[in-house]
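Student: Here it is, the structure, as structure tokens.
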Amino acid sequence: MNSKSYKAKSAVEAGKRAAFIVVAAALIALPLHGQHTPSDVAASGSESPEQQANATPKTEDEIVQELAAMKKRIEQLEAALKQHEAAEQPSTVVHSAKANAPIPASPSARLATAAPAEVQESLAASSPPGKPAKEEPFAFADWTWLNGNARTKTPAFDSKFFTPEIRADIDYIYDLNHPKDDTIGGSSEVFRSNEFQVTQLGVGGDFHYDNVRARLMTQFGMYSTTTPRNDASPARGQWNLADAYRYVSEAYGGYHINALHGINVDAGIFMSYIGLFSYYNFDNWAYQPSYVSSNTPWFFNGMRIQIFPTAHLKIEPWIINGWQSYGRFNGRLGIGGQILWRPNGWLSILGNQYALGEDALNTPGRVRYHTDDSIEVKYYDHPERTLSKAAFSLTGDMGCEHGGGVSCYGNSAKGPKQDFLGFMFYNRLWFHHDLYGLTLGGGKINNPGRYLVLLPPINGATAASGTPYFTENPGDPYKAWDASATFDYMPSQYITFRWEFDHRAANVPYFSGSGGITPAGGNTGNPTVLVPGFTPDLVKDENRFDLAILVKF
């Protein structure tokens with residue numbers, strides 16, 4: 001359709017709409033002057049004068065009720081007309097946070113499906129005038145059931161230029177080890193015991209106009225200090241990168257290219273989704289993910305290109321500073337990518353690959369490789385029944401490092417074996433129209449050399465400082481496993497009340513015991529040396545209850 005014919009058609013539709021509103025207004029106003037109800041007016045042409053004279057007069061309440069019904073029907077018809085007009089407009093899409101597909105510029109035409117978090121930034125190519133619109137990426141199904149994906153189907157507010165997003169994650173953790181310093185280690189989601197804490201408060205959203213894109217999400221609360229301390233790269237060089245980025249979880253800008261089913265080119269800090277779980281706990285089936293997820297990257301700082309050859313496939317190469325790092329650890333960037341395939345509405349297959357990064361601080365020549373692969377299957381879907389849905393996710397990870405005194409296969413000449421092998425499995429059930437959720441799952445890892453093990457914050461230790469109380473030397477053994485049970489109450493798409501029990505165990509002392517991991521009187525100021533008279537209380541297992549309120553608008 002050319003622009004002239006489209007304008008002419010719009011004028012005709014506008015005329016129809018104006019006439020429709022005038023008639024509707026007359027119908028609403030008529031009873032006020034003639035003291036007849038709409039049903040009286042409709043019947044007056046078919047009844048005899050005697051029938052009309054003998055008709056029982058309508059009460060005032062009956063008149064008001066019929067007027068309200070008429071008005072409601074008019075509003076419904078007007079809304080349908082607006083949607084029809086939006087459907088007739090040329091294809092124009094804008095970016096929406098966590099959207100499963102490109103969102104039409106008209107909020108009234110918004111898709112009622114929510115999106116995989118890992119394709120939240122996708123935009124479909126707009127079709128030239130006169131040609132059929134291409135199917136938007138992953139828009140053929142509702143993906144709110146996925147682990148790692150927000151279950152919100154529609155944003156609370158949207159506009160042509162900006163889609164806001166607000167997240168709140170507040171928890172209370174009851175650790176049965178009762179560490180006297182209330183400090184929990186070994187987790188990227190849980191940090192303090194027997195206290196209420198704000199894990200994350202995020203405010204931001206997505207900007208989108210004229211194919212230009214940008215996204216910003218803040219991270220206030222515990223994440224603003226715990227996430228940067230797990231990144232050792234700021235220790236190399238100046239400008240304190242950890243402080244520069246600590247209040248930002250996502251920050252990037254980019255451009256959408258109208259080719260294939262859409263191509264996005266973005267640069268900045270973006271989510272990695274290695275390990276399947278989302279960085280934001282609202283999106284996940286469980287609060288504490290297993291080690292495969294908790295110990296692998298949540299973010300990348302670099303550049304990505306999202307390519308959608310079809311509506312069912314995404315190919316996304318990366319070039320990044322390194323393995324969850326604000327800067328380079330040594331002299332080489334890392335490369336990687338993601339392939340996401342969804343052939344139908346009940347199956348999602350995801351592969352993340354990483355290679356060539358030199359990600360050991362002050363150890364140039366030690367190169368890292370990693371593969372992370374997941375499958376999610378919705379194997380039951382009956383919304384009308386008490387058990388509404390059921391799905392499972394299975395994730396497997398493998399990786400290794402070589403060079404700098406270690407090897408992938410344990411070569412005696414090149415150093416001890418340094419690798420990573422792990423898996424996790426979760427099964428999710430939804431009940432009573434998705435009002436309740438129950439998740440059972442867990443996993444296991446083996447990571448000799450401990451290069452992906454989260455360092456306990458003993459005496460204030462960070463990933464950059466290390467600690468003599470828990471070494472990460474070549475050959476150091478580390479095996480761990482965990483299991484969890486999660487119950488969710490979800491009265492609205494925007495909030496989750498979560499109760500969870502976690503059991504975690506390792507083959508070496510790792511978790512905080514009753515004595516805690518802080519010296520008497522507080523940190524001494526130098527976590528790299530032994531403190532006279534102090535020994536952290538590390539134990540081999542941990543049992544805790546996690547209670548959380550999770551909000552996302």
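How things are named: the first chain in the structure tokens is A, the next is B, and so on; residues count from 1 in each chain; ligands count from 1 in the order shown.
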Show which residues sit within 10 Å of A:Asp476, as a PyMOL selection string. Count only C-alpha atoms, and ignore same-chain residues fewer than 2 positions away.

Tutor: chain A and resi 416-418+447-451+470-474+478

Student: Any idea what's packed within 10 Å of A:Gly322, counting only C-alpha atoms, ignoring anything in its chain fewer than 3 positions away? Could you give it as a PyMOL selection string?

Tutor: chain A and resi 233+297+299-302+319+325-330+332-336+354-360+368

Student: Could you jot down the atom CA of A:Asp537 to atom CA of A:Phe191 separation for me, Å, one decimal place?

Tutor: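 Distance reported for this atom pair: 16.1 Å.
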
Student: Just list as a PyMOL selection string whatever in stretch 106-306 of chain A DSSP marks as strand (DSSP E).

Tutor: chain A and resi 162-175+196-209+212-218+248-257+263-271+299-306

Student: Just how far from atom CA of A:Tyr223 is atom CA of A:Gly254, in Å to one decimal?

Tutor: 25.5 Å

Student: Nearest to A:Tyr287: which of A:Gln219, A:Asn258, A:Thr462, A:Thr486 is it, counting only C-alpha atoms?

Tutor: A:Thr486
